>>> print(open('entry_38.cif').read())   # mmCIF, C-alpha atoms and all ligand atoms
data_model
#
loop_
_atom_site.label_atom_id
_atom_site.label_comp_id
_atom_site.auth_asym_id
_atom_site.auth_seq_id
_atom_site.Cartn_x
_atom_site.Cartn_y
_atom_site.Cartn_z
CA MET P 1 54.36 -42.62 9.66
CA LYS P 2 51.49 -41.92 12.00
CA TYR P 3 53.13 -38.61 13.04
CA VAL P 4 53.66 -37.56 9.44
CA PHE P 5 49.96 -38.03 8.89
CA PHE P 6 49.12 -35.89 11.93
CA ILE P 7 51.56 -33.18 10.84
CA PHE P 8 49.97 -33.27 7.41
CA LEU P 9 46.52 -32.96 8.99
CA ALA P 10 47.65 -30.08 11.17
CA LEU P 11 49.09 -28.32 8.13
CA VAL P 12 45.88 -28.73 6.15
CA PHE P 13 43.88 -27.44 9.11
CA SER P 14 46.08 -24.37 9.64
CA LEU P 15 46.05 -23.60 5.94
CA THR P 16 42.24 -23.83 5.78
CA PHE P 17 41.95 -21.63 8.85
CA ALA P 18 44.39 -19.09 7.38
CA ILE P 19 42.38 -18.98 4.14
CA PHE P 20 39.18 -18.53 6.13
CA LEU P 21 40.72 -15.68 8.11
CA ALA P 22 42.02 -14.05 4.96
CA ALA P 23 38.61 -14.31 3.32
CA HIS P 24 36.69 -13.24 6.43
CA PRO P 25 38.77 -10.82 8.44
CA ALA P 26 37.05 -9.90 11.69
CA HIS P 27 37.00 -6.20 10.84
CA ALA P 28 35.03 -6.94 7.68
CA LEU P 29 31.91 -7.52 9.74
CA SER P 30 32.34 -4.23 11.56
CA SER P 31 32.83 -2.33 8.34
CA ILE P 32 29.73 -3.95 6.86
CA ASP P 33 27.71 -2.63 9.77
CA VAL P 34 29.15 0.83 9.38
CA ASN P 35 28.50 0.89 5.64
CA ASN P 36 24.94 -0.21 6.05
CA GLU P 37 24.37 2.15 8.94
CA HIS P 38 23.36 -0.78 11.06
CA SER P 39 24.31 -0.78 14.65
CA VAL P 40 26.28 -3.13 16.83
CA PHE P 41 25.19 -6.70 16.58
CA HIS P 42 26.70 -7.98 19.80
CA GLU P 43 23.98 -6.27 21.77
CA GLN P 44 21.28 -8.38 20.17
CA SER P 45 18.94 -9.91 22.68
CA GLY P 46 17.89 -13.02 20.78
CA PHE P 47 14.74 -11.36 19.47
CA VAL P 48 13.94 -9.34 16.45
CA ALA P 49 11.44 -6.50 16.49
CA VAL P 50 8.98 -6.54 13.60
CA ILE P 51 7.81 -2.96 13.24
CA SER P 52 5.06 -1.91 10.81
CA ILE P 53 4.81 1.67 9.68
CA SER P 54 2.23 3.16 7.39
CA GLN P 55 2.59 6.28 5.32
CA THR P 56 -0.29 8.51 4.33
CA ILE P 57 -0.11 11.70 2.32
CA ASP P 58 1.17 13.79 5.23
CA ASP P 59 1.80 11.46 8.15
CA TYR P 60 3.42 8.28 9.44
CA GLU P 61 2.01 5.78 11.92
CA ILE P 62 3.74 3.01 13.86
CA ASP P 63 0.98 0.47 13.36
CA ALA P 64 2.34 -2.60 15.07
CA LEU P 65 5.39 -3.78 16.92
CA GLU P 66 5.99 -7.40 17.80
CA LEU P 67 8.92 -9.42 18.99
CA GLN P 68 9.89 -12.71 17.45
CA PRO P 69 12.62 -15.04 18.54
CA GLY P 70 15.48 -14.86 16.08
CA SER P 71 18.40 -12.89 14.84
CA LEU P 72 18.97 -10.85 11.73
CA PRO P 73 20.16 -13.37 9.22
CA ARG P 74 22.69 -11.45 7.21
CA LYS P 75 23.90 -8.28 5.63
CA LYS P 76 24.56 -8.12 1.94
CA VAL P 77 27.74 -6.56 0.67
CA SER P 78 28.55 -5.71 -2.90
CA THR P 79 31.79 -7.20 -4.16
CA GLN P 80 32.05 -4.17 -6.46
CA LEU P 81 32.77 -6.71 -9.17
CA GLY P 82 29.13 -7.37 -9.76
CA PRO P 83 26.54 -4.67 -10.21
CA PRO P 84 25.50 -2.36 -8.85
CA SER P 85 28.61 -0.56 -7.69
CA SER P 86 28.16 2.27 -5.26
CA SER P 87 28.79 4.90 -7.94
CA GLU P 88 25.87 3.55 -9.97
CA ILE P 89 23.44 3.61 -7.10
CA PRO P 90 21.48 6.84 -7.18
CA SER P 91 21.69 8.45 -3.78
CA ARG P 92 18.43 8.33 -1.89
CA GLN P 93 16.83 11.56 -0.97
CA ALA P 94 16.70 12.21 2.74
CA GLY P 95 13.54 10.37 3.71
CA PRO P 96 12.04 8.99 6.89
CA VAL P 97 14.35 6.98 9.14
CA LEU P 98 13.42 4.51 11.86
CA VAL P 99 15.49 4.96 15.01
CA ILE P 100 15.68 2.71 18.06
CA SER P 101 17.19 4.37 21.10
CA ASN P 102 17.86 3.71 24.79
CA ALA P 103 16.84 5.67 27.89
CA LYS P 104 19.78 8.03 27.47
CA GLY P 105 18.62 8.87 23.96
CA GLU P 106 21.55 7.04 22.36
CA VAL P 107 20.81 5.54 18.97
CA LEU P 108 21.10 1.73 18.98
CA PHE P 109 19.82 1.13 15.48
CA SER P 110 18.67 3.19 12.54
CA GLU P 111 17.40 2.28 9.12
CA PRO P 112 15.91 4.34 6.28
CA LEU P 113 12.25 3.45 5.72
CA ILE P 114 11.58 1.95 2.32
CA PHE P 115 7.95 2.15 1.27
CA PRO P 116 6.57 0.46 -1.85
CA ALA P 117 5.59 3.10 -4.36
CA TYR P 118 2.60 1.58 -6.17
CA GLN P 119 0.34 -1.40 -6.12
CA THR P 120 -0.17 -3.38 -9.34
CA ILE P 121 -3.27 -5.16 -10.57
CA PRO P 122 -2.99 -8.35 -12.66
CA PRO P 123 -3.85 -8.16 -16.37
CA LEU P 124 -7.16 -9.43 -17.62
CA PRO P 125 -7.08 -13.21 -18.07
CA PRO P 126 -6.57 -14.19 -21.75
CA GLY P 127 -9.78 -13.89 -23.76
CA HIS P 128 -11.56 -11.76 -21.16
CA PRO P 129 -13.25 -8.58 -22.47
CA PRO P 130 -11.68 -5.31 -21.26
CA ASP P 131 -13.08 -3.67 -18.14
CA ASN P 132 -12.27 -0.35 -16.53
CA SER P 133 -9.87 -1.60 -13.86
CA PRO P 134 -6.57 0.27 -13.65
CA SER P 135 -3.25 -1.58 -14.02
CA ILE P 136 -1.58 0.32 -11.21
CA ILE P 137 -2.73 2.46 -8.26
CA LYS P 138 -1.16 4.55 -5.52
CA PRO P 139 -3.02 3.66 -2.33
CA GLU P 140 -3.65 6.50 0.14
CA ARG P 141 -2.09 4.43 2.89
CA ILE P 142 0.90 2.22 2.19
CA GLN P 143 2.68 -0.02 4.66
CA THR P 144 6.26 -1.05 5.22
CA VAL P 145 7.86 -3.34 7.77
CA VAL P 146 11.28 -3.04 9.36
CA VAL P 147 12.84 -6.07 10.99
CA ALA P 148 15.27 -4.71 13.54
CA PRO P 149 17.44 -6.38 16.15
CA TYR P 150 15.74 -6.08 19.53
CA PHE P 151 18.00 -4.65 22.20
CA GLU P 152 17.36 -5.25 25.87
CA LYS P 153 18.24 -1.64 26.62
CA ALA P 154 15.98 -0.23 23.92
CA THR P 155 13.24 2.04 25.25
CA GLN P 156 11.99 3.97 22.26
CA VAL P 157 11.24 3.51 18.59
CA SER P 158 10.89 6.72 16.58
CA ILE P 159 10.51 7.94 13.03
CA ILE P 160 12.55 10.99 12.16
CA LEU P 161 12.50 12.90 8.90
CA GLY P 162 15.67 13.66 7.01
CA ASP P 163 18.07 15.82 8.96
CA ILE P 164 15.56 16.83 11.56
CA ASP P 165 16.27 15.14 14.88
CA THR P 166 12.81 15.66 16.30
CA PRO P 167 10.76 12.49 15.93
CA VAL P 168 7.54 12.77 14.00
CA LYS P 169 6.32 9.62 15.73
CA SER P 170 7.53 7.71 18.78
CA ARG P 171 6.54 4.63 20.64
CA SER P 172 7.82 3.06 23.81
CA LEU P 173 9.55 -0.30 23.63
CA ALA P 174 9.91 -0.95 27.35
CA PRO P 175 6.65 -2.81 28.06
CA LEU P 176 7.38 -5.27 25.27
CA HIS P 177 10.71 -5.99 26.77
CA GLN P 178 9.19 -6.99 30.13
CA GLN P 179 6.41 -8.96 28.51
CA TYR P 180 8.60 -11.12 26.33
CA GLU P 181 11.89 -11.50 28.08
CA LYS P 182 10.84 -13.81 30.86
CA SER P 183 8.21 -15.83 29.06
CA THR P 184 9.63 -16.50 25.62
CA PRO P 185 12.45 -18.94 25.10
CA ARG P 186 15.39 -17.47 23.25
CA LEU P 187 15.49 -19.35 20.02
CA PHE P 188 17.84 -18.18 17.37
CA GLN P 189 16.69 -18.84 13.86
CA ASN P 190 17.56 -22.34 12.97
CA SER P 191 20.79 -21.64 11.21
CA ASN P 192 21.57 -25.32 10.71
CA THR P 193 18.78 -25.75 8.23
CA PHE P 194 19.36 -22.41 6.54
CA PRO P 195 20.53 -22.41 2.97
CA SER P 196 23.61 -20.44 2.13
CA PRO P 197 23.37 -16.78 3.09
CA THR P 198 24.56 -15.90 -0.37
CA GLY P 199 22.34 -16.09 -3.42
CA PHE P 200 18.84 -14.92 -4.18
CA ASN P 201 16.09 -16.26 -1.95
CA ILE P 202 12.43 -16.43 -2.94
CA LEU P 203 9.95 -17.43 -0.26
CA ILE P 204 6.55 -18.79 -1.33
CA LEU P 205 4.02 -18.59 1.52
CA SER P 206 0.63 -20.27 1.77
CA SER P 207 -2.44 -18.37 2.87
CA GLY P 208 -5.84 -19.83 3.68
CA PHE P 209 -5.00 -23.49 2.99
CA SER P 210 -6.12 -26.02 5.61
CA ASP P 211 -4.09 -29.12 6.52
CA SER P 212 -5.96 -31.23 4.01
CA GLN P 213 -5.46 -28.63 1.25
CA MET P 214 -1.76 -28.09 1.86
CA ASN P 215 -0.76 -30.50 -0.93
CA GLN P 216 -2.65 -28.27 -3.36
CA PHE P 217 -0.60 -25.31 -2.15
CA THR P 218 2.64 -27.23 -2.54
CA SER P 219 1.86 -28.24 -6.11
CA ARG P 220 0.86 -24.65 -7.02
CA ALA P 221 4.04 -23.36 -5.39
CA ARG P 222 6.08 -25.86 -7.43
CA GLU P 223 4.43 -24.58 -10.61
CA VAL P 224 5.54 -21.06 -9.66
CA LYS P 225 9.05 -22.22 -8.77
CA ASN P 226 9.47 -24.25 -11.96
CA LEU P 227 8.24 -21.41 -14.16
CA ILE P 228 10.57 -18.82 -12.63
CA LEU P 229 13.59 -21.12 -12.74
CA SER P 230 12.89 -22.13 -16.36
CA ILE P 231 13.17 -18.64 -17.87
CA GLN P 232 15.87 -15.98 -18.24
CA PRO P 233 17.58 -14.53 -16.34
CA PHE P 234 16.73 -16.93 -13.51
CA SER P 235 17.51 -20.15 -15.41
CA SER P 236 21.10 -19.13 -16.03
CA LEU P 237 21.70 -18.24 -12.37
CA LYS P 238 19.68 -21.16 -11.01
CA SER P 239 22.48 -22.49 -8.82
CA ASN P 240 22.47 -19.19 -6.90
CA ILE P 241 18.70 -19.08 -6.40
CA ASN P 242 16.86 -20.74 -3.52
CA VAL P 243 13.09 -21.05 -3.73
CA HIS P 244 11.62 -21.93 -0.34
CA ILE P 245 8.08 -23.29 -0.24
CA HIS P 246 6.65 -22.74 3.21
CA GLN P 247 3.37 -24.24 4.37
CA GLN P 248 1.91 -22.04 7.05
CA LYS P 249 -1.60 -21.66 8.44
CA SER P 250 -1.67 -18.26 10.10
CA ASP P 251 -4.08 -15.72 8.63
CA LEU P 252 -2.25 -13.28 6.35
CA GLY P 253 -5.34 -11.11 5.87
CA CYS P 254 -5.52 -11.87 2.14
CA ALA P 255 -8.64 -11.28 0.05
CA PRO P 256 -9.49 -10.41 -3.56
CA GLY P 257 -11.64 -7.36 -4.30
CA CYS P 258 -9.15 -5.01 -2.67
CA HIS P 259 -9.74 -1.28 -3.32
CA SER P 260 -12.98 -2.39 -5.03
CA ILE P 261 -11.02 -4.07 -7.84
CA ASP P 262 -12.23 -7.65 -8.26
CA ARG P 263 -8.92 -9.11 -9.39
CA LEU P 264 -6.69 -7.24 -6.94
CA LEU P 265 -5.63 -9.64 -4.17
CA CYS P 266 -4.25 -7.78 -1.12
CA CYS P 267 -2.78 -9.17 2.09
CA ASP P 268 -1.85 -7.53 5.38
CA THR P 269 1.80 -6.57 4.90
CA HIS P 270 2.59 -6.82 8.62
CA LEU P 271 1.19 -10.36 8.79
CA VAL P 272 3.03 -11.39 5.60
CA MET P 273 6.37 -10.12 6.89
CA ASN P 274 5.78 -11.71 10.29
CA ALA P 275 5.06 -15.07 8.66
CA ALA P 276 8.16 -14.68 6.51
CA ILE P 277 10.38 -14.07 9.55
CA PHE P 278 8.69 -16.88 11.45
CA SER P 279 9.34 -19.32 8.58
CA GLY P 280 13.05 -19.06 9.35
CA TYR P 281 13.89 -18.79 5.65
CA TYR P 282 15.84 -16.02 4.02
CA HIS P 283 13.60 -13.98 1.76
CA ASP P 284 14.72 -11.41 -0.76
CA GLU P 285 11.33 -11.68 -2.43
CA ILE P 286 8.02 -13.11 -1.24
CA ILE P 287 5.15 -14.61 -3.22
CA VAL P 288 1.91 -15.38 -1.36
CA ILE P 289 -0.45 -17.99 -2.81
CA HIS P 290 -3.91 -17.38 -1.36
CA ASN P 291 -6.52 -20.09 -1.41
CA THR P 292 -9.24 -18.46 -3.48
CA ASN P 293 -10.43 -19.63 -6.88
CA ILE P 294 -11.29 -16.06 -7.93
CA TYR P 295 -8.80 -14.99 -10.62
CA SER P 296 -6.68 -12.43 -8.77
CA GLY P 297 -3.24 -11.35 -7.69
CA GLY P 298 -1.22 -8.26 -7.02
CA GLY P 299 2.17 -6.78 -6.55
CA TYR P 300 4.02 -3.69 -5.50
CA ARG P 301 6.45 -1.52 -7.38
CA GLU P 302 9.23 0.34 -5.64
CA TYR P 303 10.71 3.78 -6.13
CA GLY P 304 13.47 3.44 -8.75
CA THR P 305 16.14 1.09 -7.46
CA ASP P 306 14.97 0.65 -3.87
CA TYR P 307 15.44 -3.13 -4.22
CA ILE P 308 19.00 -2.45 -3.11
CA TYR P 309 17.71 -1.42 0.32
CA ASN P 310 14.67 -3.66 0.72
CA SER P 311 13.47 -5.98 -2.00
CA ALA P 312 11.04 -8.11 0.03
CA ILE P 313 8.68 -5.29 0.94
CA SER P 314 7.42 -5.19 -2.65
CA TYR P 315 5.99 -8.71 -2.58
CA ALA P 316 3.58 -10.43 -4.96
CA THR P 317 0.32 -12.33 -4.49
CA THR P 318 -1.50 -14.87 -6.63
CA TYR P 319 -4.67 -16.97 -6.42
CA ASN P 320 -5.21 -20.74 -6.52
CA GLY P 321 -6.23 -21.72 -10.04
CA PRO P 322 -5.03 -22.60 -13.54
CA LEU P 323 -3.19 -19.28 -13.96
CA THR P 324 -1.50 -19.25 -10.52
CA ALA P 325 2.04 -19.44 -11.91
CA LYS P 326 1.51 -16.95 -14.74
CA VAL P 327 -0.09 -14.36 -12.45
CA ALA P 328 2.79 -14.91 -9.99
CA LEU P 329 5.39 -14.43 -12.74
CA HIS P 330 3.73 -11.29 -14.07
CA GLU P 331 3.42 -9.77 -10.59
CA PHE P 332 6.97 -10.88 -9.78
CA GLY P 333 7.99 -8.86 -12.85
CA HIS P 334 6.54 -5.80 -11.10
CA SER P 335 7.62 -6.59 -7.55
CA PHE P 336 11.15 -7.79 -8.25
CA GLY P 337 11.83 -6.20 -11.64
CA ASN P 338 9.95 -2.92 -11.15
CA LEU P 339 8.73 -3.57 -14.71
CA CYS P 340 5.85 -1.70 -16.31
CA ASP P 341 2.86 -3.34 -17.87
CA GLU P 342 3.27 -3.45 -21.62
CA TYR P 343 -0.41 -3.42 -22.48
CA VAL P 344 -2.70 -0.46 -23.00
CA TYR P 345 -6.41 -0.91 -22.31
CA ASN P 346 -7.37 2.41 -23.90
CA THR P 347 -8.42 3.70 -20.54
CA GLU P 348 -5.76 6.36 -20.17
CA GLY P 349 -4.91 8.36 -17.11
CA TYR P 350 -3.12 5.76 -15.05
CA ILE P 351 0.21 6.25 -13.36
CA TYR P 352 3.50 6.04 -15.21
CA SER P 353 6.57 5.26 -13.13
CA SER P 354 10.09 4.69 -14.53
CA CYS P 355 10.83 1.16 -15.72
CA VAL P 356 13.15 -0.43 -18.28
CA ASN P 357 10.45 -1.85 -20.60
CA CYS P 358 8.25 1.16 -21.33
CA ILE P 359 10.22 4.27 -22.22
CA SER P 360 10.13 7.33 -24.43
CA ALA P 361 12.63 6.03 -27.04
CA CYS P 362 13.81 2.56 -28.08
CA ILE P 363 17.41 3.69 -28.43
CA GLU P 364 18.14 2.56 -24.85
CA TRP P 365 17.71 -1.12 -25.68
CA ILE P 366 18.96 -1.18 -29.24
CA ALA P 367 21.93 -3.35 -28.24
CA VAL P 368 19.68 -6.21 -27.06
CA SER P 369 16.46 -5.85 -29.04
CA SER P 370 15.35 -4.41 -32.37
CA TYR P 371 11.67 -4.36 -31.43
CA CYS P 372 10.02 -1.02 -30.93
CA ASN P 373 6.24 -0.99 -30.41
CA ARG P 374 4.34 2.15 -29.59
CA GLY P 375 2.07 2.20 -26.53
CA CYS P 376 2.47 0.70 -23.06
CA ASP P 377 1.35 1.08 -19.47
CA ALA P 378 -1.09 3.91 -19.97
CA ARG P 379 1.42 5.85 -22.06
CA ARG P 380 0.31 5.57 -25.66
CA ASP P 381 3.26 7.73 -26.67
CA TYR P 382 5.91 5.47 -25.05
CA PHE P 383 7.49 2.32 -26.48
CA ARG P 384 7.74 -1.32 -25.47
CA PRO P 385 10.00 -4.10 -26.78
CA GLU P 386 8.89 -7.55 -28.01
CA ASN P 387 5.89 -9.41 -26.54
CA SER P 388 6.32 -10.78 -23.03
CA ILE P 389 4.37 -11.79 -19.94
CA MET P 390 4.17 -8.09 -19.03
CA LEU P 391 2.00 -7.67 -22.15
CA SER P 392 -0.19 -10.72 -21.74
CA LEU P 393 -0.41 -13.99 -19.82
CA ASP P 394 -0.32 -15.72 -23.24
CA TYR P 395 3.47 -15.47 -22.87
CA SER P 396 5.62 -17.10 -20.22
CA PHE P 397 8.82 -15.08 -20.41
CA PHE P 398 10.28 -11.61 -20.10
CA ASN P 399 11.62 -9.73 -23.14
CA LYS P 400 15.30 -8.97 -23.66
CA PRO P 401 15.35 -5.34 -22.45
CA SER P 402 13.47 -6.37 -19.28
CA ILE P 403 16.18 -8.97 -18.68
CA GLU P 404 19.34 -7.24 -19.85
CA ALA P 405 18.81 -3.50 -19.25
CA GLU P 406 21.78 -1.86 -17.58
CA TYR P 407 20.00 1.49 -17.43
CA PHE P 408 17.90 2.87 -14.59
CA PRO P 409 16.02 1.33 -12.83
CA HIS P 410 17.95 -1.84 -13.84
CA GLY P 411 16.83 -4.97 -15.68
CA LEU P 412 16.18 -8.33 -14.05
CA ARG P 413 19.69 -9.73 -14.52
CA LYS P 414 21.39 -6.74 -12.97
CA ARG P 415 18.94 -6.89 -10.08
CA LEU P 416 19.50 -10.59 -9.62
CA MET P 417 23.25 -10.16 -9.66
CA HIS P 418 22.98 -7.69 -6.82
CA PHE P 419 21.97 -10.70 -4.71
CA THR P 420 24.02 -13.47 -6.27
CA GLU P 421 27.33 -11.66 -6.48
CA THR P 422 27.98 -10.97 -2.86
CA ILE P 423 30.80 -11.71 -0.47
CA PRO P 424 29.82 -14.73 1.62
CA VAL P 425 29.29 -13.50 5.16
CA PRO P 426 30.05 -16.20 7.76
CA LYS P 427 26.91 -17.94 8.95
CA VAL P 428 25.85 -17.03 12.45
CA SER P 429 25.23 -20.28 14.27
CA PHE P 430 25.69 -19.10 17.83
CA PRO P 431 25.62 -15.59 19.23
CA GLY P 432 28.98 -16.33 20.89
CA VAL P 433 30.69 -16.76 17.53
CA LEU P 434 29.43 -13.44 16.31
CA MET P 435 30.64 -11.72 19.48
CA LEU P 436 34.06 -13.24 19.01
CA LEU P 437 34.31 -11.78 15.51
CA LEU P 438 33.12 -8.34 16.53
CA ASP P 439 34.83 -7.87 19.86
CA GLU P 440 38.34 -7.63 18.56
ZN ZN L 501 0.81 -5.88 -14.36
#
>>> encode(input="entry_38.cif", output="structure tokens")
Amino acid sequence: MKYVFFIFLALVFSLTFAIFLAAHPAHALSSIDVNNEHSVFHEQSGFVAVISISQTIDDYEIDALELQPGSLPRKKVSTQLGPPSSSEIPSRQAGPVLVISNAKGEVLFSEPLIFPAYQTIPPLPPGHPPDNSPSIIKPERIQTVVVAPYFEKATQVSIILGDIDTPVKSRSLAPLHQQYEKSTPRLFQNSNTFPSPTGFNILILSSGFSDSQMNQFTSRAREVKNLILSIQPFSSLKSNINVHIHQQKSDLGCAPGCHSIDRLLCCDTHLVMNAAIFSGYYHDEIIVIHNTNIYSGGGYREYGTDYIYNSAISYATTYNGPLTAKVALHEFGHSFGNLCDEYVYNTEGYIYSSCVNCISACIEWIAVSSYCNRGCDARRDYFRPENSIMLSLDYSFFNKPSIEAEYFPHGLRKRLMHFTETIPVPKVSFPGVLMLLLDE
């Protein structure tokens, strides 16, 4: 009887293993890397390189380069069942690419640089008289951050443009290698406490809260979390969304009054991304709550559908006050949804950039909404759907076209499903396991 039980156990084990192998064939990981133009993972050193690049009108700068213990958490792969399928993704124009190479000039890693397109300013608080602040600006200098695997043999980081091989900017990696390798312990990100690598991950970071004020941050962060998870499309996909609230005390360089706009709250993008990596949490989107009682916030909008390549770089900020959660939700509408503002302050001349909720004709959303109101986001001649939080903080929800739009640049649900409908990639607990899967 005992033996029968063992045979049964062995059978169950083999079957489970066979199913696992079928679901996660070793070559799948290699093909993911090829598809994403990411390089070989088994050469990872146990560090990641956090590289900040800024773009001005006619130049690029490698602003900062730091190593952090860790590994790249995951690669997302479309199942092709859920949107967006590759045929729907507009091809990106040849833009700047970050390249990490070794002494022989061989490319170890390359990734297209995704810059946020615009910075958004929160709406006036309800009841406040209009002022002359814009709703959106294009800063002269805009920053992005690439988190790359750090290779021991890497010597150079460069930015190349399109098809031209000649770097427009280069920086040596070698001194960093010597500085960190001996002194820093090799900690991989704590994969045991990681949530599932699938799903949509929002990271809420504290800024400027002391130890004794951290409870205030946590309760504000919970307000933000509860509001997002209570409304569509997030409420219906709640089981696939992780909201991580991370108390941290490093300076993120946040302050209101940015670009001389009182209610624009900016942070240092490099410091925000560094803190996000250091938190150990996955982050598809980031919301920073800064400890100031001045009504303020901010967000970034991307070019078209760049969320597919890097969603976290367009992050949102909010202040510490009664409207924390509403400002966060509105700015999240810009930073995650690439939504337009739906209000017009009669101070025309601001920037219009494609979105699903402010367009030239209502015909696009006729299947989901019969509302058609003239005037939105500095385009008096364009149309918006029904009232929503993108019109005013009096509302706490997005309108139907903002949620359901299938058209470019994609509504919130389609965007969310890009993250929630993915093939589960096996968790990387130990570098050895990853090597085993890749070195077939
Ligand atoms: Zn706005």
>>> residues_near_ligand(input="entry_38.cif", ligand="ligand ZN 501 (chain L)", cutoff="8 Å", atoms="only C-alpha atoms and all ligand atoms", output="list in words")
Thr120, Ile121, Pro122, Pro123, Ser135, Ile136, Gly298, Gly299, His330, Glu331, Gly333, His334, Cys340, Asp341 and Met390 of chain P
>>> write_last_selection(input="entry_38.cif", atoms="C-alpha atoms", output="short mmCIF file (atom, residue, chain, number, x, y, z; two decimals), in the frame of the given file")
data_model
loop_
_atom_site.label_atom_id
_atom_site.label_comp_id
_atom_site.auth_asym_id
_atom_site.auth_seq_id
_atom_site.Cartn_x
_atom_site.Cartn_y
_atom_site.Cartn_z
CA THR P 120 -0.17 -3.38 -9.34
CA ILE P 121 -3.27 -5.16 -10.57
CA PRO P 122 -2.99 -8.35 -12.66
CA PRO P 123 -3.85 -8.16 -16.37
CA SER P 135 -3.25 -1.58 -14.02
CA ILE P 136 -1.58 0.32 -11.21
CA GLY P 298 -1.22 -8.26 -7.02
CA GLY P 299 2.17 -6.78 -6.55
CA HIS P 330 3.73 -11.29 -14.07
CA GLU P 331 3.42 -9.77 -10.59
CA GLY P 333 7.99 -8.86 -12.85
CA HIS P 334 6.54 -5.80 -11.10
CA CYS P 340 5.85 -1.70 -16.31
CA ASP P 341 2.86 -3.34 -17.87
CA MET P 390 4.17 -8.09 -19.03
#
>>> residues_around(input="entry_38.cif", residues="Ile202 in chain P", least_positions_apart="2", cutoff="8 Å", atoms="only C-alpha atoms", output="MDAnalysis selection string")
chainID P and resid 200 204 241:244 282:287
>>> write_last_selection(input="entry_38.cif", atoms="C-alpha atoms", output="short mmCIF file (atom, residue, chain, number, x, y, z; two decimals), in the frame of the given file")
data_model
loop_
_atom_site.label_atom_id
_atom_site.label_comp_id
_atom_site.auth_asym_id
_atom_site.auth_seq_id
_atom_site.Cartn_x
_atom_site.Cartn_y
_atom_site.Cartn_z
CA PHE P 200 18.84 -14.92 -4.18
CA ILE P 204 6.55 -18.79 -1.33
CA ILE P 241 18.70 -19.08 -6.40
CA ASN P 242 16.86 -20.74 -3.52
CA VAL P 243 13.09 -21.05 -3.73
CA HIS P 244 11.62 -21.93 -0.34
CA TYR P 282 15.84 -16.02 4.02
CA HIS P 283 13.60 -13.98 1.76
CA ASP P 284 14.72 -11.41 -0.76
CA GLU P 285 11.33 -11.68 -2.43
CA ILE P 286 8.02 -13.11 -1.24
CA ILE P 287 5.15 -14.61 -3.22
#
>>> residues_around(input="entry_38.cif", residues="range 394-401 of chain P", least_positions_apart="4", cutoff="10 Å", atoms="only C-alpha atoms", output="PyMOL selection string")
chain P and resi 125-127+227-228+230-233+325-326+329-330+333+339+356-358+362+364-371+384-390+405-407+410-412
>>> write_last_selection(input="entry_38.cif", atoms="C-alpha atoms", output="JSON list (two decimals), in the frame of the given file")
[["chain", "number", "residue", "atom", "x", "y", "z"],
["P", 125, "PRO", "CA", -7.08, -13.21, -18.07],
["P", 126, "PRO", "CA", -6.57, -14.19, -21.75],
["P", 127, "GLY", "CA", -9.78, -13.89, -23.76],
["P", 227, "LEU", "CA", 8.24, -21.41, -14.16],
["P", 228, "ILE", "CA", 10.57, -18.82, -12.63],
["P", 230, "SER", "CA", 12.89, -22.13, -16.36],
["P", 231, "ILE", "CA", 13.17, -18.64, -17.87],
["P", 232, "GLN", "CA", 15.87, -15.98, -18.24],
["P", 233, "PRO", "CA", 17.58, -14.53, -16.34],
["P", 325, "ALA", "CA", 2.04, -19.44, -11.91],
["P", 326, "LYS", "CA", 1.51, -16.95, -14.74],
["P", 329, "LEU", "CA", 5.39, -14.43, -12.74],
["P", 330, "HIS", "CA", 3.73, -11.29, -14.07],
["P", 333, "GLY", "CA", 7.99, -8.86, -12.85],
["P", 339, "LEU", "CA", 8.73, -3.57, -14.71],
["P", 356, "VAL", "CA", 13.15, -0.43, -18.28],
["P", 357, "ASN", "CA", 10.45, -1.85, -20.60],
["P", 358, "CYS", "CA", 8.25, 1.16, -21.33],
["P", 362, "CYS", "CA", 13.81, 2.56, -28.08],
["P", 364, "GLU", "CA", 18.14, 2.56, -24.85],
["P", 365, "TRP", "CA", 17.71, -1.12, -25.68],
["P", 366, "ILE", "CA", 18.96, -1.18, -29.24],
["P", 367, "ALA", "CA", 21.93, -3.35, -28.24],
["P", 368, "VAL", "CA", 19.68, -6.21, -27.06],
["P", 369, "SER", "CA", 16.46, -5.85, -29.04],
["P", 370, "SER", "CA", 15.35, -4.41, -32.37],
["P", 371, "TYR", "CA", 11.67, -4.36, -31.43],
["P", 384, "ARG", "CA", 7.74, -1.32, -25.47],
["P", 385, "PRO", "CA", 10.00, -4.10, -26.78],
["P", 386, "GLU", "CA", 8.89, -7.55, -28.01],
["P", 387, "ASN", "CA", 5.89, -9.41, -26.54],
["P", 388, "SER", "CA", 6.32, -10.78, -23.03],
["P", 389, "ILE", "CA", 4.37, -11.79, -19.94],
["P", 390, "MET", "CA", 4.17, -8.09, -19.03],
["P", 405, "ALA", "CA", 18.81, -3.50, -19.25],
["P", 406, "GLU", "CA", 21.78, -1.86, -17.58],
["P", 407, "TYR", "CA", 20.00, 1.49, -17.43],
["P", 410, "HIS", "CA", 17.95, -1.84, -13.84],
["P", 411, "GLY", "CA", 16.83, -4.97, -15.68],
["P", 412, "LEU", "CA", 16.18, -8.33, -14.05]]
>>> residues_around(input="entry_38.cif", residues="Arg415 in chain P", least_positions_apart="6", cutoff="10 Å", atoms="only C-alpha atoms", output="PyMOL selection string")
chain P and resi 83-84+200+233+305+307-308+311+336-338+403-406+409
>>> residues_near_point(input="entry_38.cif", point="(14.7, 8.3, 14.5)", cutoff="12 Å", atoms="all atoms listed in the file", output="JSON, numbers by chain")
{"P": [95, 96, 97, 98, 99, 100, 101, 102, 105, 106, 107, 108, 109, 110, 111, 112, 113, 156, 157, 158, 159, 160, 161, 162, 163, 164, 165, 166, 167, 168, 169, 170, 171]}
